[in-house]
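K.L.:
Quick one: the structure is below, questions incoming.
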Amino acid sequence: MGTAAESAASAAAGATRQAGQPMRQVRRLRLVGASGAVPRARDFTRRALQDWGWLPAATADQRAAAEDVLLVVSELVTNACLHANGPEELRVGANAKVLRLEIVDLGSGSPSPRTPHRAGRPGGHGMFIVQRLCLDWGVVRNPDGPGKTVWAELAAPH
């Protein structure tokens with residue numbers, strides 16, 4: 001039997017296959033016990049976007065697409081910190097049409113947008129933001145134990 005991390009990786013790989021084309025490029029950042037998980041995740045993702053040619057952005061639309069990716073990373077990692085005892089790993093994958101973010105955690109809950117969404121109310125906007133900015137998002141449970149992978153897909157910039 002594999003470790004929880006291996007099982008979560010298997011679950012996430014299955015989610016990638018179910019959602020569409022496999023990712024050409026995938027980067028992983030271990031976040032177990034890391035302090036400053038949100039800024040580390042944003043910096044890691046920003047470097048991947050630079051290496052893949054998303055940044056520096058040539059147009060306003062490309063800049064907006066990259067900023068959306070960084071905002072979604074921040075929201076997903078923050079949710080894992082607040083509601084799932086912290087993130088275990090961040091995965092960033094890309095193909096020609098989609099950028100996929102995956103946050104692995106050991107939490108048992110399921111993220112969902114707060115309903116009804118009240119824009120003026122503090123807090124609780126993270127999954128609403130994810131839902132609005134992403135093509136799709138979801139949760140894949142670890143079949144071998146606790147934990148899950150929360151994934152989100154955004155369109156590649158044109």
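In the structure tokens, chains take letters A, B, ... by order of appearance, with residues numbered from 1 within each chain and ligands from 1 in the order shown.
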Among range 76-139 of chain A, which ones does DSSP assign to strand (DSSP E or B) (computed from the backbone)? Answer as an NGL selection string.
P.N.:
:A and (87-94 or 98-105 or 136-139)
K.L.:
With N, CA, C and O atoms retained, write the just-selected residues as a PDB file, in the first residue's frame.
P.N.:
ATOM      1  N   PRO A  87      -2.008  22.828   3.404  1.00  0.00           N
ATOM      2  CA  PRO A  87      -1.807  22.081   2.161  1.00  0.00           C
ATOM      3  C   PRO A  87      -0.611  21.145   2.269  1.00  0.00           C
ATOM      4  O   PRO A  87       0.352  21.424   2.976  1.00  0.00           O
ATOM      5  N   GLU A  88      -0.695  20.036   1.572  1.00  0.00           N
ATOM      6  CA  GLU A  88       0.412  19.085   1.484  1.00  0.00           C
ATOM      7  C   GLU A  88       1.288  19.396   0.269  1.00  0.00           C
ATOM      8  O   GLU A  88       2.497  19.358   0.347  1.00  0.00           O
ATOM      9  N   GLU A  89       0.631  19.676  -0.863  1.00  0.00           N
ATOM     10  CA  GLU A  89       1.366  19.873  -2.108  1.00  0.00           C
ATOM     11  C   GLU A  89       0.537  20.727  -3.062  1.00  0.00           C
ATOM     12  O   GLU A  89      -0.686  20.648  -3.088  1.00  0.00           O
ATOM     13  N   LEU A  90       1.243  21.523  -3.862  1.00  0.00           N
ATOM     14  CA  LEU A  90       0.661  22.270  -4.969  1.00  0.00           C
ATOM     15  C   LEU A  90       1.194  21.672  -6.249  1.00  0.00           C
ATOM     16  O   LEU A  90       2.402  21.435  -6.364  1.00  0.00           O
ATOM     17  N   ARG A  91       0.294  21.420  -7.207  1.00  0.00           N
ATOM     18  CA  ARG A  91       0.707  20.993  -8.538  1.00  0.00           C
ATOM     19  C   ARG A  91       0.174  22.014  -9.534  1.00  0.00           C
ATOM     20  O   ARG A  91      -0.978  22.412  -9.465  1.00  0.00           O
ATOM     21  N   VAL A  92       1.031  22.406 -10.458  1.00  0.00           N
ATOM     22  CA  VAL A  92       0.657  23.330 -11.520  1.00  0.00           C
ATOM     23  C   VAL A  92       0.969  22.621 -12.827  1.00  0.00           C
ATOM     24  O   VAL A  92       2.105  22.220 -13.059  1.00  0.00           O
ATOM     25  N   GLY A  93      -0.054  22.452 -13.655  1.00  0.00           N
ATOM     26  CA  GLY A  93       0.130  21.768 -14.935  1.00  0.00           C
ATOM     27  C   GLY A  93      -0.431  22.600 -16.063  1.00  0.00           C
ATOM     28  O   GLY A  93      -1.367  23.379 -15.867  1.00  0.00           O
ATOM     29  N   ALA A  94       0.134  22.433 -17.240  1.00  0.00           N
ATOM     30  CA  ALA A  94      -0.324  23.200 -18.397  1.00  0.00           C
ATOM     31  C   ALA A  94      -0.285  22.357 -19.651  1.00  0.00           C
ATOM     32  O   ALA A  94       0.569  21.493 -19.809  1.00  0.00           O
ATOM     33  N   VAL A  98      -5.202  24.799 -21.397  1.00  0.00           N
ATOM     34  CA  VAL A  98      -5.645  24.866 -20.005  1.00  0.00           C
ATOM     35  C   VAL A  98      -4.450  24.874 -19.057  1.00  0.00           C
ATOM     36  O   VAL A  98      -3.450  24.208 -19.293  1.00  0.00           O
ATOM     37  N   LEU A  99      -4.598  25.624 -17.983  1.00  0.00           N
ATOM     38  CA  LEU A  99      -3.672  25.548 -16.853  1.00  0.00           C
ATOM     39  C   LEU A  99      -4.457  24.931 -15.706  1.00  0.00           C
ATOM     40  O   LEU A  99      -5.573  25.357 -15.408  1.00  0.00           O
ATOM     41  N   ARG A 100      -3.904  23.915 -15.072  1.00  0.00           N
ATOM     42  CA  ARG A 100      -4.587  23.187 -13.994  1.00  0.00           C
ATOM     43  C   ARG A 100      -3.809  23.365 -12.710  1.00  0.00           C
ATOM     44  O   ARG A 100      -2.599  23.167 -12.667  1.00  0.00           O
ATOM     45  N   LEU A 101      -4.526  23.738 -11.654  1.00  0.00           N
ATOM     46  CA  LEU A 101      -3.973  23.870 -10.312  1.00  0.00           C
ATOM     47  C   LEU A 101      -4.553  22.754  -9.457  1.00  0.00           C
ATOM     48  O   LEU A 101      -5.755  22.486  -9.526  1.00  0.00           O
ATOM     49  N   GLU A 102      -3.712  22.116  -8.650  1.00  0.00           N
ATOM     50  CA  GLU A 102      -4.167  21.077  -7.736  1.00  0.00           C
ATOM     51  C   GLU A 102      -3.544  21.324  -6.373  1.00  0.00           C
ATOM     52  O   GLU A 102      -2.330  21.503  -6.277  1.00  0.00           O
ATOM     53  N   ILE A 103      -4.377  21.324  -5.344  1.00  0.00           N
ATOM     54  CA  ILE A 103      -3.916  21.462  -3.964  1.00  0.00           C
ATOM     55  C   ILE A 103      -4.288  20.180  -3.240  1.00  0.00           C
ATOM     56  O   ILE A 103      -5.468  19.828  -3.157  1.00  0.00           O
ATOM     57  N   VAL A 104      -3.292  19.478  -2.727  1.00  0.00           N
ATOM     58  CA  VAL A 104      -3.501  18.248  -1.975  1.00  0.00           C
ATOM     59  C   VAL A 104      -3.490  18.599  -0.499  1.00  0.00           C
ATOM     60  O   VAL A 104      -2.595  19.321  -0.030  1.00  0.00           O
ATOM     61  N   ASP A 105      -4.493  18.102   0.245  1.00  0.00           N
ATOM     62  CA  ASP A 105      -4.521  18.291   1.694  1.00  0.00           C
ATOM     63  C   ASP A 105      -5.071  17.035   2.351  1.00  0.00           C
ATOM     64  O   ASP A 105      -5.532  16.117   1.660  1.00  0.00           O
ATOM     65  N   ASP A 136     -13.535  25.228 -14.768  1.00  0.00           N
ATOM     66  CA  ASP A 136     -14.126  24.158 -13.976  1.00  0.00           C
ATOM     67  C   ASP A 136     -13.264  23.954 -12.734  1.00  0.00           C
ATOM     68  O   ASP A 136     -12.099  24.350 -12.711  1.00  0.00           O
ATOM     69  N   TRP A 137     -13.837  23.355 -11.714  1.00  0.00           N
ATOM     70  CA  TRP A 137     -13.086  23.000 -10.526  1.00  0.00           C
ATOM     71  C   TRP A 137     -13.805  21.834  -9.854  1.00  0.00           C
ATOM     72  O   TRP A 137     -14.967  21.549 -10.150  1.00  0.00           O
ATOM     73  N   GLY A 138     -13.095  21.152  -8.976  1.00  0.00           N
ATOM     74  CA  GLY A 138     -13.716  20.029  -8.289  1.00  0.00           C
ATOM     75  C   GLY A 138     -12.830  19.484  -7.193  1.00  0.00           C
ATOM     76  O   GLY A 138     -11.769  20.034  -6.888  1.00  0.00           O
ATOM     77  N   VAL A 139     -13.295  18.385  -6.620  1.00  0.00           N
ATOM     78  CA  VAL A 139     -12.601  17.728  -5.518  1.00  0.00           C
ATOM     79  C   VAL A 139     -12.508  16.247  -5.835  1.00  0.00           C
ATOM     80  O   VAL A 139     -13.492  15.633  -6.255  1.00  0.00           O
TER      81      VAL A 139
END
K.L.:
CA of Val140 in chain A and CA of Thr78 in chain A, how far apart in Å?
P.N.:
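The value is 18.1 Å.
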K.L.:
Step one, run DSSP on the backbone; step two, keep only residues of range 31-146 of chain A assigned to alpha helix (DSSP H); then write them as a count of residues only.
P.N.:
47
K.L.:
To one decimal place, how far is CA of Gly126 in chain A from CA of Glu75 in chain A in Å?
P.N.:
5.2 Å
K.L.:
So which residues touch Cys134 in chain A within 6 Å, counting only C-alpha atoms, skipping near sequence neighbours fewer than 4 positions away, as a list of chain:residue names?
P.N.:
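Contacts, with the query itself left out: A:Val130, A:Glu153, A:Leu154.
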K.L.:
Please, what distance in Å, to one decimal, runs between CA of Met23 in chain A and CA of Asn95 in chain A?
P.N.:
5.0 Å
K.L.:
Excluding Ala64 in chain A and residues on its chain fewer than 2 positions from it, collect all residues at most 12 Å away from it, counting only C-alpha atoms, and give them as a list in words.
P.N.:
Trp54, Leu55, Pro56, Ala57, Ala58, Thr59, Ala60, Asp61, Gln62, Ala66, Glu67, Asp68, Val69, Leu70, Leu71, Leu133, Leu154, Ala155, Ala156, Pro157 and His158 of chain A
K.L.:
For those residues, write all heavy atoms to a file as a short mmCIF file (atom, residue, chain, number, x, y, z; two decimals), in the first residue's frame.
P.N.:
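Result file is selection.cif:
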data_model
loop_
_atom_site.label_atom_id
_atom_site.label_comp_id
_atom_site.auth_asym_id
_atom_site.auth_seq_id
_atom_site.Cartn_x
_atom_site.Cartn_y
_atom_site.Cartn_z
N TRP A 54 3.85 32.72 -20.07
CA TRP A 54 2.65 33.49 -19.73
C TRP A 54 3.04 34.86 -19.19
O TRP A 54 2.27 35.80 -19.29
CB TRP A 54 1.84 32.76 -18.67
CG TRP A 54 1.09 31.55 -19.12
CD1 TRP A 54 1.52 30.57 -19.96
CD2 TRP A 54 -0.22 31.19 -18.72
NE1 TRP A 54 0.55 29.62 -20.09
CE2 TRP A 54 -0.53 29.97 -19.34
CE3 TRP A 54 -1.16 31.76 -17.87
CZ2 TRP A 54 -1.74 29.31 -19.15
CZ3 TRP A 54 -2.37 31.10 -17.68
CH2 TRP A 54 -2.65 29.91 -18.32
N LEU A 55 4.19 34.94 -18.57
CA LEU A 55 4.71 36.19 -18.01
C LEU A 55 6.13 36.39 -18.51
O LEU A 55 6.86 35.42 -18.65
CB LEU A 55 4.70 36.14 -16.48
CG LEU A 55 3.36 36.16 -15.80
CD1 LEU A 55 3.52 35.93 -14.30
CD2 LEU A 55 2.63 37.47 -16.04
N PRO A 56 6.58 37.61 -18.77
CA PRO A 56 5.77 38.82 -18.70
C PRO A 56 4.73 38.80 -19.82
O PRO A 56 4.99 38.33 -20.93
CB PRO A 56 6.75 39.96 -18.89
CG PRO A 56 7.92 39.35 -19.58
CD PRO A 56 7.95 37.90 -19.19
N ALA A 57 3.55 39.31 -19.50
CA ALA A 57 2.43 39.29 -20.43
C ALA A 57 2.62 40.34 -21.52
O ALA A 57 3.03 41.46 -21.24
CB ALA A 57 1.14 39.54 -19.67
N ALA A 58 2.29 39.95 -22.74
CA ALA A 58 2.42 40.87 -23.88
C ALA A 58 1.19 41.75 -24.04
O ALA A 58 1.27 42.83 -24.62
CB ALA A 58 2.66 40.08 -25.16
N THR A 59 0.04 41.28 -23.54
CA THR A 59 -1.20 42.04 -23.69
C THR A 59 -1.92 42.14 -22.34
O THR A 59 -1.61 41.39 -21.41
CB THR A 59 -2.16 41.36 -24.69
OG1 THR A 59 -2.61 40.13 -24.12
CG2 THR A 59 -1.49 41.11 -26.03
N ALA A 60 -2.89 43.02 -22.29
CA ALA A 60 -3.69 43.17 -21.07
C ALA A 60 -4.47 41.89 -20.77
O ALA A 60 -4.60 41.50 -19.61
CB ALA A 60 -4.65 44.36 -21.20
N ASP A 61 -4.97 41.20 -21.80
CA ASP A 61 -5.70 39.95 -21.59
C ASP A 61 -4.78 38.87 -21.01
O ASP A 61 -5.18 38.11 -20.12
CB ASP A 61 -6.31 39.45 -22.91
CG ASP A 61 -7.53 40.25 -23.32
OD1 ASP A 61 -8.07 41.02 -22.49
OD2 ASP A 61 -7.94 40.11 -24.49
N GLN A 62 -3.56 38.80 -21.50
CA GLN A 62 -2.61 37.82 -20.98
C GLN A 62 -2.22 38.14 -19.54
O GLN A 62 -2.09 37.24 -18.70
CB GLN A 62 -1.37 37.75 -21.88
CG GLN A 62 -1.66 37.13 -23.22
CD GLN A 62 -0.50 37.25 -24.19
OE1 GLN A 62 0.37 38.11 -24.04
NE2 GLN A 62 -0.49 36.39 -25.19
N ALA A 66 -2.93 35.70 -16.22
CA ALA A 66 -1.90 35.33 -15.24
C ALA A 66 -2.30 35.78 -13.84
O ALA A 66 -2.11 35.04 -12.86
CB ALA A 66 -0.56 35.93 -15.64
N GLU A 67 -2.86 36.97 -13.71
CA GLU A 67 -3.31 37.44 -12.40
C GLU A 67 -4.44 36.57 -11.85
O GLU A 67 -4.49 36.30 -10.65
CB GLU A 67 -3.74 38.90 -12.49
CG GLU A 67 -2.56 39.84 -12.68
CD GLU A 67 -2.96 41.28 -12.99
OE1 GLU A 67 -4.18 41.60 -13.02
OE2 GLU A 67 -2.04 42.10 -13.20
N ASP A 68 -5.32 36.10 -12.73
CA ASP A 68 -6.39 35.19 -12.29
C ASP A 68 -5.81 33.90 -11.74
O ASP A 68 -6.26 33.39 -10.71
CB ASP A 68 -7.34 34.88 -13.44
CG ASP A 68 -8.26 36.04 -13.83
OD1 ASP A 68 -8.29 37.05 -13.09
OD2 ASP A 68 -8.93 35.92 -14.87
N VAL A 69 -4.79 33.36 -12.42
CA VAL A 69 -4.14 32.13 -11.94
C VAL A 69 -3.56 32.35 -10.55
O VAL A 69 -3.77 31.54 -9.64
CB VAL A 69 -3.04 31.68 -12.92
CG1 VAL A 69 -2.18 30.57 -12.31
CG2 VAL A 69 -3.65 31.21 -14.23
N LEU A 70 -2.86 33.45 -10.34
CA LEU A 70 -2.24 33.72 -9.04
C LEU A 70 -3.29 33.93 -7.96
O LEU A 70 -3.11 33.50 -6.82
CB LEU A 70 -1.30 34.92 -9.14
CG LEU A 70 -0.11 34.72 -10.08
CD1 LEU A 70 0.68 36.01 -10.23
CD2 LEU A 70 0.78 33.58 -9.61
N LEU A 71 -4.41 34.56 -8.30
CA LEU A 71 -5.49 34.74 -7.33
C LEU A 71 -6.11 33.40 -6.95
O LEU A 71 -6.34 33.12 -5.77
CB LEU A 71 -6.55 35.69 -7.89
CG LEU A 71 -7.78 35.93 -7.01
CD1 LEU A 71 -7.39 36.45 -5.62
CD2 LEU A 71 -8.73 36.90 -7.71
N LEU A 133 -13.78 32.49 -11.76
CA LEU A 133 -12.61 32.66 -12.62
C LEU A 133 -12.24 31.42 -13.42
O LEU A 133 -11.55 31.53 -14.43
CB LEU A 133 -11.41 33.10 -11.80
CG LEU A 133 -11.49 34.49 -11.15
CD1 LEU A 133 -10.23 34.76 -10.34
CD2 LEU A 133 -11.70 35.57 -12.20
N LEU A 154 -8.07 26.80 -15.55
CA LEU A 154 -8.25 28.11 -16.15
C LEU A 154 -7.81 28.04 -17.60
O LEU A 154 -6.90 27.28 -17.94
CB LEU A 154 -7.42 29.17 -15.42
CG LEU A 154 -7.81 29.43 -13.97
CD1 LEU A 154 -6.95 28.62 -13.03
CD2 LEU A 154 -7.70 30.89 -13.66
N ALA A 155 -8.42 28.87 -18.43
CA ALA A 155 -8.04 28.91 -19.84
C ALA A 155 -6.66 29.52 -20.01
O ALA A 155 -6.31 30.48 -19.33
CB ALA A 155 -9.07 29.72 -20.63
N ALA A 156 -5.90 28.94 -20.93
CA ALA A 156 -4.59 29.52 -21.27
C ALA A 156 -4.82 30.87 -21.97
O ALA A 156 -5.81 31.01 -22.69
CB ALA A 156 -3.82 28.56 -22.18
N PRO A 157 -3.92 31.81 -21.78
CA PRO A 157 -4.11 33.10 -22.45
C PRO A 157 -3.94 32.96 -23.97
O PRO A 157 -3.23 32.08 -24.43
CB PRO A 157 -3.00 33.97 -21.86
CG PRO A 157 -1.96 33.02 -21.40
CD PRO A 157 -2.69 31.76 -21.01
N HIS A 158 -4.62 33.80 -24.68
CA HIS A 158 -4.58 33.75 -26.16
C HIS A 158 -3.38 34.50 -26.67
O HIS A 158 -2.94 35.44 -26.18
CB HIS A 158 -5.84 34.34 -26.74
CG HIS A 158 -7.09 33.71 -26.19
ND1 HIS A 158 -7.32 32.37 -26.23
CD2 HIS A 158 -8.15 34.24 -25.56
CE1 HIS A 158 -8.48 32.11 -25.65
NE2 HIS A 158 -9.01 33.22 -25.25
#
